file protein19.cif (mmCIF, C-alpha atoms)
data_my_file
loop_
_atom_site.group_PDB
_atom_site.id
_atom_site.type_symbol
_atom_site.label_atom_id
_atom_site.label_comp_id
_atom_site.auth_asym_id
_atom_site.auth_seq_id
_atom_site.Cartn_x
_atom_site.Cartn_y
_atom_site.Cartn_z
ATOM 1 C CA MET M 217 -47.499 -8.019 -7.153
ATOM 2 C CA ASP M 218 -47.828 -10.348 -10.125
ATOM 3 C CA PHE M 219 -50.922 -12.568 -10.363
ATOM 4 C CA SER M 220 -50.060 -13.750 -13.852
ATOM 5 C CA THR M 221 -48.580 -16.990 -12.518
ATOM 6 C CA SER M 222 -50.402 -20.300 -12.858
ATOM 7 C CA VAL M 223 -53.331 -20.484 -10.479
ATOM 8 C CA TYR M 224 -54.331 -23.810 -8.962
ATOM 9 C CA ASP M 225 -57.567 -24.238 -7.043
ATOM 10 C CA SER M 226 -56.404 -26.869 -4.583
ATOM 11 C CA THR M 227 -59.862 -28.425 -4.386
ATOM 12 C CA GLN M 228 -59.890 -29.082 -8.141
ATOM 13 C CA HIS M 229 -56.269 -29.834 -9.095
ATOM 14 C CA ASN M 230 -55.400 -32.842 -6.960
ATOM 15 C CA SER M 231 -53.107 -34.169 -9.674
ATOM 16 C CA PHE M 232 -50.749 -31.255 -9.167
ATOM 17 C CA TYR M 233 -49.514 -32.625 -5.854
ATOM 18 C CA PRO M 234 -46.980 -35.470 -5.775
ATOM 19 C CA ALA M 235 -48.675 -38.814 -5.216
ATOM 20 C CA GLU M 236 -46.441 -39.717 -2.296
ATOM 21 C CA SER M 237 -45.522 -37.699 0.752
ATOM 22 C CA THR M 238 -41.943 -36.476 0.858
ATOM 23 C CA ALA M 239 -42.266 -34.519 4.110
ATOM 24 C CA ASN M 240 -43.473 -35.341 7.587
ATOM 25 C CA ALA M 241 -46.725 -33.983 8.987
ATOM 26 C CA LEU M 242 -46.523 -31.158 11.494
ATOM 27 C CA THR M 243 -45.753 -32.178 15.049
ATOM 28 C CA SER M 244 -47.973 -31.222 17.966
ATOM 29 C CA SER M 245 -45.297 -28.814 19.223
ATOM 30 C CA GLU M 246 -45.115 -27.104 15.822
ATOM 31 C CA LEU M 247 -48.884 -26.683 15.790
ATOM 32 C CA ALA M 248 -48.880 -25.388 19.364
ATOM 33 C CA GLY M 249 -46.172 -22.846 18.503
ATOM 34 C CA PHE M 250 -48.064 -21.838 15.368
ATOM 35 C CA VAL M 251 -51.309 -21.216 17.256
ATOM 36 C CA SER M 252 -49.461 -19.385 20.012
ATOM 37 C CA GLN M 253 -47.989 -16.957 17.488
ATOM 38 C CA LEU M 254 -51.348 -16.337 15.808
ATOM 39 C CA LEU M 255 -52.862 -15.372 19.150
ATOM 40 C CA THR M 256 -50.364 -12.541 19.624
ATOM 41 C CA THR M 257 -52.386 -10.019 17.585
ATOM 42 C CA LEU M 258 -55.884 -9.133 16.429
ATOM 43 C CA GLU M 259 -54.682 -6.499 13.946
ATOM 44 C CA LEU M 260 -55.391 -8.066 10.549
ATOM 45 C CA GLN M 261 -52.385 -6.588 8.727
ATOM 46 C CA GLU M 262 -50.014 -7.602 11.504
ATOM 47 C CA LEU M 263 -51.679 -11.017 11.738
ATOM 48 C CA GLY M 264 -50.882 -11.577 8.060
ATOM 49 C CA GLY M 265 -47.198 -10.881 8.734
ATOM 50 C CA VAL M 266 -47.099 -13.235 11.739
ATOM 51 C CA TYR M 267 -48.849 -15.960 9.750
ATOM 52 C CA PHE M 268 -46.483 -15.660 6.810
ATOM 53 C CA GLN M 269 -43.408 -15.865 9.040
ATOM 54 C CA GLN M 270 -44.722 -19.071 10.571
ATOM 55 C CA ILE M 271 -45.894 -20.772 7.392
ATOM 56 C CA ASN M 272 -42.700 -19.813 5.577
ATOM 57 C CA MET M 273 -40.728 -21.811 8.136
ATOM 58 C CA LEU M 274 -43.004 -24.848 7.903
ATOM 59 C CA LEU M 275 -43.805 -25.079 4.177
ATOM 60 C CA PRO M 276 -42.269 -23.953 0.853
ATOM 61 C CA VAL M 277 -44.464 -20.832 0.813
ATOM 62 C CA ILE M 278 -42.317 -17.907 -0.305
ATOM 63 C CA GLY M 279 -45.108 -15.367 -0.802
ATOM 64 C CA PHE M 280 -48.482 -14.699 0.737
ATOM 65 C CA SER M 281 -51.218 -12.154 0.038
ATOM 66 C CA LEU M 282 -54.287 -10.752 1.787
ATOM 67 C CA SER M 283 -54.987 -8.430 -1.133
ATOM 68 C CA ASP M 284 -58.736 -9.100 -0.943
ATOM 69 C CA PHE M 285 -58.685 -6.917 2.178
ATOM 70 C CA ASP M 286 -55.984 -4.437 1.139
ATOM 71 C CA SER M 287 -53.908 -4.458 -2.054
ATOM 72 C CA ARG M 288 -50.794 -3.541 -0.037
ATOM 73 C CA TRP M 289 -50.979 -6.575 2.241
ATOM 74 C CA VAL M 290 -48.494 -8.748 0.365
ATOM 75 C CA TYR M 291 -45.805 -10.610 2.305
ATOM 76 C CA GLY M 292 -42.602 -12.261 1.129
ATOM 77 C CA ASN M 293 -41.863 -12.709 -2.566
ATOM 78 C CA ALA M 294 -45.064 -12.850 -4.584
ATOM 79 C CA LYS M 295 -43.433 -12.350 -7.998
ATOM 80 C CA VAL M 296 -41.022 -15.176 -8.779
ATOM 81 C CA SER M 297 -43.057 -18.140 -7.576
ATOM 82 C CA SER M 298 -44.191 -20.414 -10.385
ATOM 83 C CA THR M 299 -47.454 -21.428 -8.729
ATOM 84 C CA LEU M 300 -50.221 -19.605 -6.894
ATOM 85 C CA ILE M 301 -52.608 -21.493 -4.630
ATOM 86 C CA ASP M 302 -55.885 -19.730 -3.964
ATOM 87 C CA LEU M 303 -57.852 -20.777 -0.859
ATOM 88 C CA PRO M 304 -61.125 -19.232 0.373
ATOM 89 C CA LEU M 305 -61.447 -17.860 3.897
ATOM 90 C CA LYS M 306 -64.655 -19.350 5.242
ATOM 91 C CA GLY M 307 -66.988 -16.750 6.683
ATOM 92 C CA ALA M 308 -64.815 -13.807 5.618
ATOM 93 C CA SER M 309 -65.889 -11.231 3.037
ATOM 94 C CA THR M 310 -64.185 -8.411 1.196
ATOM 95 C CA ILE M 311 -65.374 -4.821 1.625
ATOM 96 C CA ASN M 312 -67.554 -5.454 -1.445
ATOM 97 C CA GLY M 313 -69.260 -8.388 0.260
ATOM 98 C CA GLU M 314 -67.586 -11.031 -1.915
ATOM 99 C CA GLN M 315 -65.905 -14.196 -0.693
ATOM 100 C CA ALA M 316 -62.410 -13.396 0.593
ATOM 101 C CA HIS M 317 -59.445 -15.535 -0.421
ATOM 102 C CA VAL M 318 -55.847 -16.051 0.651
ATOM 103 C CA TYR M 319 -53.145 -16.374 -2.015
ATOM 104 C CA TYR M 320 -50.132 -18.617 -1.389
ATOM 105 C CA TYR M 321 -47.065 -18.522 -3.630
ATOM 106 C CA ILE M 322 -45.122 -21.762 -3.442
ATOM 107 C CA SER M 323 -41.611 -22.473 -4.690
ATOM 108 C CA SER M 324 -42.093 -26.195 -5.357
ATOM 109 C CA PRO M 325 -44.954 -28.710 -5.614
ATOM 110 C CA LEU M 326 -46.402 -29.754 -2.269
ATOM 111 C CA SER M 327 -46.341 -33.324 -1.069
ATOM 112 C CA LEU M 328 -49.576 -34.834 0.204
ATOM 113 C CA SER M 329 -48.588 -34.249 3.803
ATOM 114 C CA GLN M 330 -47.573 -30.679 3.010
ATOM 115 C CA ARG M 331 -50.895 -30.149 1.300
ATOM 116 C CA GLU M 332 -52.730 -31.414 4.373
ATOM 117 C CA ALA M 333 -50.579 -29.199 6.570
ATOM 118 C CA LEU M 334 -51.397 -26.165 4.425
ATOM 119 C CA PHE M 335 -55.127 -26.851 4.747
ATOM 120 C CA GLN M 336 -54.769 -27.303 8.497
ATOM 121 C CA LEU M 337 -52.759 -24.110 8.993
ATOM 122 C CA HIS M 338 -55.053 -22.178 6.654
ATOM 123 C CA ASP M 339 -58.072 -23.307 8.692
ATOM 124 C CA LEU M 340 -56.440 -22.182 11.946
ATOM 125 C CA PHE M 341 -55.491 -18.872 10.368
ATOM 126 C CA GLY M 342 -59.066 -18.427 9.125
ATOM 127 C CA LYS M 343 -60.425 -18.774 12.652
ATOM 128 C CA GLN M 344 -58.120 -15.990 13.883
ATOM 129 C CA VAL M 345 -59.016 -13.853 10.863
ATOM 130 C CA LYS M 346 -62.666 -13.980 11.956
ATOM 131 C CA HIS M 347 -61.663 -12.661 15.379
ATOM 132 C CA ALA M 348 -59.517 -9.977 13.734
ATOM 133 C CA LEU M 349 -62.398 -8.880 11.489
ATOM 134 C CA SER M 350 -64.742 -8.658 14.485
ATOM 135 C CA PHE M 351 -62.124 -6.590 16.300
ATOM 136 C CA MET M 352 -61.797 -4.378 13.232
ATOM 137 C CA ARG M 353 -65.554 -3.745 13.149
ATOM 138 C CA VAL M 354 -65.543 -2.743 16.816
ATOM 139 C CA GLN M 355 -62.586 -0.450 16.180
ATOM 140 C CA GLN M 356 -64.346 1.131 13.206
ATOM 141 C CA MET M 357 -67.332 1.972 15.387
ATOM 142 C CA ALA M 358 -65.004 3.747 17.815
ATOM 143 C CA THR M 359 -62.975 5.462 15.110
ATOM 144 C CA ARG M 360 -65.786 6.682 12.827
ATOM 145 C CA ASP M 361 -67.201 10.197 12.722
ATOM 146 C CA THR M 362 -70.961 9.788 13.130
ATOM 147 C CA LEU M 363 -71.855 12.879 11.105
ATOM 148 C CA THR M 364 -69.787 12.373 7.940
ATOM 149 C CA GLY M 365 -69.074 8.644 8.049
ATOM 150 C CA LEU M 366 -65.355 9.364 7.652
ATOM 151 C CA GLY M 367 -62.737 8.269 10.151
ATOM 152 C CA ASN M 368 -62.408 10.486 13.218
ATOM 153 C CA ARG M 369 -59.235 11.776 14.886
ATOM 154 C CA ALA M 370 -58.668 8.487 16.702
ATOM 155 C CA GLY M 371 -59.085 6.657 13.395
ATOM 156 C CA PHE M 372 -56.609 8.988 11.748
ATOM 157 C CA GLU M 373 -53.976 8.357 14.426
ATOM 158 C CA GLN M 374 -54.537 4.614 14.183
ATOM 159 C CA SER M 375 -54.212 4.598 10.389
ATOM 160 C CA MET M 376 -51.225 6.930 10.531
ATOM 161 C CA THR M 377 -49.460 4.560 12.928
ATOM 162 C CA ARG M 378 -50.025 1.697 10.481
ATOM 163 C CA GLN M 379 -48.831 3.784 7.538
ATOM 164 C CA LEU M 380 -45.667 4.830 9.350
ATOM 165 C CA GLY M 381 -44.908 1.216 10.254
ATOM 166 C CA TRP M 382 -45.420 0.095 6.655
ATOM 167 C CA ALA M 383 -43.283 2.943 5.272
ATOM 168 C CA GLN M 384 -40.450 2.160 7.686
ATOM 169 C CA ARG M 385 -40.471 -1.591 6.984
ATOM 170 C CA HIS M 386 -40.840 -1.406 3.205
ATOM 171 C CA ASP M 387 -39.258 1.962 2.406
ATOM 172 C CA GLU M 388 -42.473 3.069 0.660
ATOM 173 C CA PRO M 389 -43.429 6.744 1.170
ATOM 174 C CA PHE M 390 -46.996 7.936 1.533
ATOM 175 C CA ALA M 391 -48.560 11.385 1.671
ATOM 176 C CA LEU M 392 -50.667 13.426 4.050
ATOM 177 C CA LEU M 393 -53.082 16.196 3.118
ATOM 178 C CA VAL M 394 -54.497 18.525 5.765
ATOM 179 C CA ILE M 395 -57.610 20.335 4.527
ATOM 180 C CA ASP M 396 -59.464 23.279 6.033
ATOM 181 C CA LEU M 397 -62.775 24.704 4.831
ATOM 182 C CA ASP M 398 -62.652 28.384 3.934
ATOM 183 C CA ASN M 399 -65.465 30.574 5.315
ATOM 184 C CA PHE M 400 -67.048 27.765 7.325
ATOM 185 C CA LYS M 401 -67.516 30.038 10.348
ATOM 186 C CA TYR M 402 -69.530 32.372 8.120
ATOM 187 C CA VAL M 403 -71.943 29.515 7.324
ATOM 188 C CA ASN M 404 -72.430 28.633 10.994
ATOM 189 C CA ASP M 405 -72.840 32.262 12.052
ATOM 190 C CA ASN M 406 -75.282 33.216 9.312
ATOM 191 C CA PHE M 407 -77.175 30.030 8.493
ATOM 192 C CA GLY M 408 -76.886 28.019 11.701
ATOM 193 C CA HIS M 409 -75.030 24.882 12.741
ATOM 194 C CA GLY M 410 -77.537 22.649 10.965
ATOM 195 C CA GLU M 411 -76.456 24.133 7.649
ATOM 196 C CA GLY M 412 -72.844 23.801 8.755
ATOM 197 C CA ASP M 413 -73.412 20.082 9.332
ATOM 198 C CA LYS M 414 -74.846 19.776 5.810
ATOM 199 C CA VAL M 415 -71.685 21.413 4.444
ATOM 200 C CA LEU M 416 -69.475 18.899 6.290
ATOM 201 C CA VAL M 417 -71.486 15.954 4.979
ATOM 202 C CA HIS M 418 -71.405 17.385 1.455
ATOM 203 C CA VAL M 419 -67.627 17.863 1.550
ATOM 204 C CA ALA M 420 -67.157 14.316 2.864
ATOM 205 C CA SER M 421 -69.144 12.984 -0.092
ATOM 206 C CA HIS M 422 -66.668 14.635 -2.462
ATOM 207 C CA PHE M 423 -63.770 12.828 -0.778
ATOM 208 C CA SER M 424 -65.554 9.528 -1.344
ATOM 209 C CA LYS M 425 -65.965 10.341 -5.038
ATOM 210 C CA VAL M 426 -62.397 11.359 -5.862
ATOM 211 C CA LEU M 427 -60.213 9.247 -3.558
ATOM 212 C CA ARG M 428 -58.993 5.809 -4.607
ATOM 213 C CA ASP M 429 -59.628 2.614 -2.646
ATOM 214 C CA GLU M 430 -56.133 2.716 -1.127
ATOM 215 C CA ASP M 431 -56.610 6.293 0.151
ATOM 216 C CA GLU M 432 -58.316 7.274 3.411
ATOM 217 C CA ALA M 433 -60.155 10.417 4.496
ATOM 218 C CA PHE M 434 -60.820 11.618 8.045
ATOM 219 C CA ARG M 435 -62.650 14.402 9.791
ATOM 220 C CA TYR M 436 -59.881 15.508 12.109
ATOM 221 C CA GLY M 437 -62.048 17.947 14.011
ATOM 222 C CA GLY M 438 -64.433 20.829 13.351
ATOM 223 C CA ASP M 439 -64.058 21.773 9.687
ATOM 224 C CA GLU M 440 -60.587 20.256 9.338
ATOM 225 C CA PHE M 441 -60.063 17.070 7.340
ATOM 226 C CA CYS M 442 -57.055 14.824 6.657
ATOM 227 C CA CYS M 443 -56.321 12.409 3.836
ATOM 228 C CA LEU M 444 -53.711 9.640 3.840
ATOM 229 C CA LEU M 445 -52.751 9.014 0.230
ATOM 230 C CA ASP M 446 -50.791 6.409 -1.672
ATOM 231 C CA CYS M 447 -48.513 9.045 -3.231
ATOM 232 C CA GLN M 448 -44.720 8.814 -3.377
ATOM 233 C CA THR M 449 -43.848 12.090 -5.105
ATOM 234 C CA GLN M 450 -44.745 15.749 -4.807
ATOM 235 C CA LEU M 451 -46.251 15.626 -8.304
ATOM 236 C CA GLN M 452 -48.585 12.784 -7.366
ATOM 237 C CA LEU M 453 -49.580 14.618 -4.196
ATOM 238 C CA ALA M 454 -50.242 17.846 -6.098
ATOM 239 C CA CYS M 455 -52.451 15.952 -8.565
ATOM 240 C CA ALA M 456 -54.429 14.410 -5.692
ATOM 241 C CA ALA M 457 -54.867 17.810 -4.061
ATOM 242 C CA GLN M 458 -56.039 19.279 -7.354
ATOM 243 C CA ARG M 459 -58.616 16.488 -7.805
ATOM 244 C CA ILE M 460 -60.062 17.163 -4.359
ATOM 245 C CA GLN M 461 -60.084 20.930 -4.772
ATOM 246 C CA SER M 462 -61.590 20.804 -8.277
ATOM 247 C CA SER M 463 -64.352 18.491 -7.096
ATOM 248 C CA ILE M 464 -65.285 20.733 -4.165
ATOM 249 C CA ASN M 465 -65.040 23.930 -6.239
ATOM 250 C CA SER M 466 -67.400 22.390 -8.798
ATOM 251 C CA SER M 467 -70.195 22.174 -6.208
ATOM 252 C CA SER M 468 -72.845 24.845 -6.800
ATOM 253 C CA TYR M 469 -74.125 24.243 -3.263
ATOM 254 C CA LEU M 470 -70.750 25.065 -1.677
ATOM 255 C CA ALA M 471 -70.131 27.932 -4.089
ATOM 256 C CA GLY M 472 -73.454 29.452 -3.041
ATOM 257 C CA LEU M 473 -72.205 29.510 0.532
ATOM 258 C CA ALA M 474 -68.744 30.809 -0.495
ATOM 259 C CA VAL M 475 -67.139 27.633 0.919
ATOM 260 C CA SER M 476 -63.850 26.546 -0.621
ATOM 261 C CA THR M 477 -60.807 24.589 0.612
ATOM 262 C CA SER M 478 -57.241 25.315 1.634
ATOM 263 C CA LEU M 479 -54.860 22.350 1.520
ATOM 264 C CA GLY M 480 -51.393 21.608 2.865
ATOM 265 C CA GLY M 481 -49.439 18.479 1.977
ATOM 266 C CA ALA M 482 -46.370 16.532 3.017
ATOM 267 C CA ILE M 483 -44.598 13.383 1.834
ATOM 268 C CA TYR M 484 -43.241 10.881 4.366
ATOM 269 C CA ARG M 485 -39.535 11.244 5.124
ATOM 270 C CA ASP M 486 -37.288 8.700 6.776
ATOM 271 C CA GLY M 487 -37.541 9.124 10.526
ATOM 272 C CA ASP M 488 -40.897 10.892 10.468
ATOM 273 C CA THR M 489 -43.304 10.618 13.394
ATOM 274 C CA ILE M 490 -47.030 11.374 13.364
ATOM 275 C CA SER M 491 -46.273 14.816 14.769
ATOM 276 C CA SER M 492 -43.463 15.698 12.369
ATOM 277 C CA ILE M 493 -45.287 14.875 9.135
ATOM 278 C CA PHE M 494 -48.520 16.423 10.410
ATOM 279 C CA ASP M 495 -46.743 19.620 11.451
ATOM 280 C CA ARG M 496 -45.180 20.007 7.987
ATOM 281 C CA ALA M 497 -48.539 19.588 6.244
ATOM 282 C CA ASP M 498 -50.284 21.852 8.769
ATOM 283 C CA ASN M 499 -47.670 24.602 8.344
ATOM 284 C CA ALA M 500 -48.149 24.423 4.579
ATOM 285 C CA LEU M 501 -51.907 24.742 5.120
ATOM 286 C CA TYR M 502 -51.505 27.879 7.203
ATOM 287 C CA ARG M 503 -49.298 29.431 4.550
ATOM 288 C CA VAL M 504 -52.217 28.976 2.177
ATOM 289 C CA LYS M 505 -54.697 30.455 4.686
ATOM 290 C CA ASN M 506 -52.466 33.478 5.186
ATOM 291 C CA SER M 507 -51.958 34.079 1.470
ATOM 292 C CA GLY M 508 -55.535 34.181 0.241
ATOM 293 C CA LYS M 509 -57.081 30.714 0.843
ATOM 294 C CA ASN M 510 -58.565 28.303 -1.734
ATOM 295 C CA SER M 511 -55.189 26.949 -2.817
ATOM 296 C CA TYR M 512 -52.629 24.204 -2.112
ATOM 297 C CA GLN M 513 -49.046 24.209 -0.890
ATOM 298 C CA ALA M 514 -46.649 21.394 0.010
ATOM 299 C CA ALA M 515 -44.117 21.316 2.826
#
call {"tool": "encode", "arguments": {"input": "protein19.cif", "output": "structure tokens"}}
result
Amino acid sequence: MDFSTSVYDSTQHNSFYPAESTANALTSSELAGFVSQLLTTLELQELGGVYFQQINMLLPVIGFSLSDFDSRWVYGNAKVSSTLIDLPLKGASTINGEQAHVYYYISSPLSLSQREALFQLHDLFGKQVKHALSFMRVQQMATRDTLTGLGNRAGFEQSMTRQLGWAQRHDEPFALLVIDLDNFKYVNDNFGHGEGDKVLVHVASHFSKVLRDEDEAFRYGGDEFCCLLDCQTQLQLACAAQRIQSSINSSSYLAGLAVSTSLGGAIYRDGDTISSIFDRADNALYRVKNSGKNSYQAA
């Protein structure tokens, strides 16, 4: 995505728009169809795709971005447009608590009526975004592990479904790491489950330190974790695995309990399902467990 194009704040650059309208305002049937399409989903990523399809048919918008929520959520062609229009989403914030914006890439200057239509459609989209964000918060409560703060198994399956859909539509691979704690049973048996819980929380904190914003970590169950990573090659995946393992091995607390990690990885392949990519990574993990632990292998 290229944000080096000219940026126009539409509330400040009125002179950019042609003085006279060269296109008709939206009809009531067009607006009704637009709203009807927006109401088909509360998934924010999918909502962005539906919105772009609609606005692309109604206005000369050839690219659209919700990168304030996720850097991958870019629709259409956001590279060749000569002008970027940046509009705030009222009442919507980024994960950092800052004002969220929508970025529109247009292929030609907008007429006055087109400008008004863009504002109108943007406002309608913003209302549905608020519903989508509320839905997302409810989902996060149901898909979050209460002990570690990471996603739980349901959250993993939900994120994996999204990743698979994105990979299939855009031909962009991703990676899965399956991680098991070595000697965790020893901790529970000898120091109690309270100490075991501390170990899980401590390990989760290391994921938060070493993973990038576009990566996700989950407590899959017990002492098993999963990471969905923005990696396209085996080398990138190996580097990510090494970062995680080095961070955990550097912990004097975990070393004192003889806790280390075994990791298995897999890169998305065309035609993969949740089960197929997970099974490859899990099989690689068990090869590590059977060959001495505290190492990494890829499928």
call {"tool": "atom_distance", "arguments": {"input": "protein19.cif", "atom1": "atom CA of M:Tyr502", "atom2": "atom CA of M:Val394"}}
result
9.9 Å
call {"tool": "resolve_selection", "arguments": {"input": "protein19.cif", "expression": "the PyMOL selection byres ((chain M and resi 461-475) around 9)", "output": "CSV table (one decimal) with C-alpha atoms, in the coordinates of the input"}}
result
chain,number,residue,atom,x,y,z
M,397,LEU,CA,-62.8,24.7,4.8
M,398,ASP,CA,-62.7,28.4,3.9
M,399,ASN,CA,-65.5,30.6,5.3
M,400,PHE,CA,-67.0,27.8,7.3
M,402,TYR,CA,-69.5,32.4,8.1
M,403,VAL,CA,-71.9,29.5,7.3
M,415,VAL,CA,-71.7,21.4,4.4
M,418,HIS,CA,-71.4,17.4,1.5
M,419,VAL,CA,-67.6,17.9,1.6
M,422,HIS,CA,-66.7,14.6,-2.5
M,423,PHE,CA,-63.8,12.8,-0.8
M,425,LYS,CA,-66.0,10.3,-5.0
M,426,VAL,CA,-62.4,11.4,-5.9
M,456,ALA,CA,-54.4,14.4,-5.7
M,457,ALA,CA,-54.9,17.8,-4.1
M,458,GLN,CA,-56.0,19.3,-7.4
M,459,ARG,CA,-58.6,16.5,-7.8
M,460,ILE,CA,-60.1,17.2,-4.4
M,476,SER,CA,-63.8,26.5,-0.6
M,477,THR,CA,-60.8,24.6,0.6
M,478,SER,CA,-57.2,25.3,1.6
M,479,LEU,CA,-54.9,22.4,1.5
M,510,ASN,CA,-58.6,28.3,-1.7
M,511,SER,CA,-55.2,26.9,-2.8
M,512,TYR,CA,-52.6,24.2,-2.1
call {"tool": "atom_distance", "arguments": {"input": "protein19.cif", "atom1": "atom CA of M:Leu258", "atom2": "atom CA of M:Arg485"}}
result
28.5 Å
call {"tool": "closest_residue", "arguments": {"input": "protein19.cif", "among": "M:Leu340, M:Ile483, M:Ile311, M:Ile278", "to": "M:Thr299", "atoms": "all atoms listed in the file"}}
result
M:Ile278
call {"tool": "atom_distance", "arguments": {"input": "protein19.cif", "atom1": "atom CA of M:Ala391", "atom2": "atom CA of M:His317"}}
result
29.1 Å
call {"tool": "residues_around", "arguments": {"input": "protein19.cif", "residues": "M:Pro276", "least_positions_apart": "6", "cutoff": "10 Å", "atoms": "only C-alpha atoms", "output": "number ranges by chain"}}
result
M: 320-326, 330
call {"tool": "resolve_selection", "arguments": {"input": "protein19.cif", "expression": "the PyMOL selection byres ((chain M and resi 252) around 12)", "output": "count of residues only"}}
result
19
call {"tool": "closest_residue", "arguments": {"input": "protein19.cif", "among": "M:Ala433, M:Val354, M:Ile490, M:Val277", "to": "M:Leu334", "atoms": "only C-alpha atoms"}}
result
M:Val277
call {"tool": "closest_residue", "arguments": {"input": "protein19.cif", "among": "M:Val417, M:Cys447, M:Val290, M:Val318", "to": "M:His386", "atoms": "all atoms listed in the file"}}
result
M:Val290
call {"tool": "closest_residue", "arguments": {"input": "protein19.cif", "among": "M:Leu501, M:Leu451, M:Ala316, M:Cys443", "to": "M:Asn368", "atoms": "only C-alpha atoms"}}
result
M:Cys443
call {"tool": "residues_around", "arguments": {"input": "protein19.cif", "residues": "M:Asp429", "least_positions_apart": "6", "cutoff": "12 Å", "atoms": "all atoms listed in the file", "output": "PyMOL selection string"}}
result
chain M and resi 284-288+311-312+423+444-446
call {"tool": "residues_around", "arguments": {"input": "protein19.cif", "residues": "M:Met352", "least_positions_apart": "2", "cutoff": "12 Å", "atoms": "all atoms listed in the file", "output": "list in words"}}
result
Thr257, Leu258, Glu259, Leu260, Gln261, Phe285, Val345, Lys346, His347, Ala348, Leu349, Ser350, Val354, Gln355, Gln356, Met357, Ala358, Thr359, Arg360, Gly371 and Gln374 of chain M
call {"tool": "write_last_selection", "arguments": {"input": "protein19.cif", "atoms": "C-alpha atoms", "output": "PDB file, keeping the file's coordinate frame"}}
result
ATOM      1  CA  THR M 257     -52.386 -10.019  17.585  1.00  0.00           C
ATOM      2  CA  LEU M 258     -55.884  -9.133  16.429  1.00  0.00           C
ATOM      3  CA  GLU M 259     -54.682  -6.499  13.946  1.00  0.00           C
ATOM      4  CA  LEU M 260     -55.391  -8.066  10.549  1.00  0.00           C
ATOM      5  CA  GLN M 261     -52.385  -6.588   8.727  1.00  0.00           C
ATOM      6  CA  PHE M 285     -58.685  -6.917   2.178  1.00  0.00           C
ATOM      7  CA  VAL M 345     -59.016 -13.853  10.863  1.00  0.00           C
ATOM      8  CA  LYS M 346     -62.666 -13.980  11.956  1.00  0.00           C
ATOM      9  CA  HIS M 347     -61.663 -12.661  15.379  1.00  0.00           C
ATOM     10  CA  ALA M 348     -59.517  -9.977  13.734  1.00  0.00           C
ATOM     11  CA  LEU M 349     -62.398  -8.880  11.489  1.00  0.00           C
ATOM     12  CA  SER M 350     -64.742  -8.658  14.485  1.00  0.00           C
ATOM     13  CA  VAL M 354     -65.543  -2.743  16.816  1.00  0.00           C
ATOM     14  CA  GLN M 355     -62.586  -0.450  16.180  1.00  0.00           C
ATOM     15  CA  GLN M 356     -64.346   1.131  13.206  1.00  0.00           C
ATOM     16  CA  MET M 357     -67.332   1.972  15.387  1.00  0.00           C
ATOM     17  CA  ALA M 358     -65.004   3.747  17.815  1.00  0.00           C
ATOM     18  CA  THR M 359     -62.975   5.462  15.110  1.00  0.00           C
ATOM     19  CA  ARG M 360     -65.786   6.682  12.827  1.00  0.00           C
ATOM     20  CA  GLY M 371     -59.085   6.657  13.395  1.00  0.00           C
ATOM     21  CA  GLN M 374     -54.537   4.614  14.183  1.00  0.00           C
TER      22      GLN M 374
END
call {"tool": "closest_residue", "arguments": {"input": "protein19.cif", "among": "M:Glu388, M:Thr449, M:Leu282, M:Gly481", "to": "M:Ser309", "atoms": "only C-alpha atoms"}}
result
M:Leu282
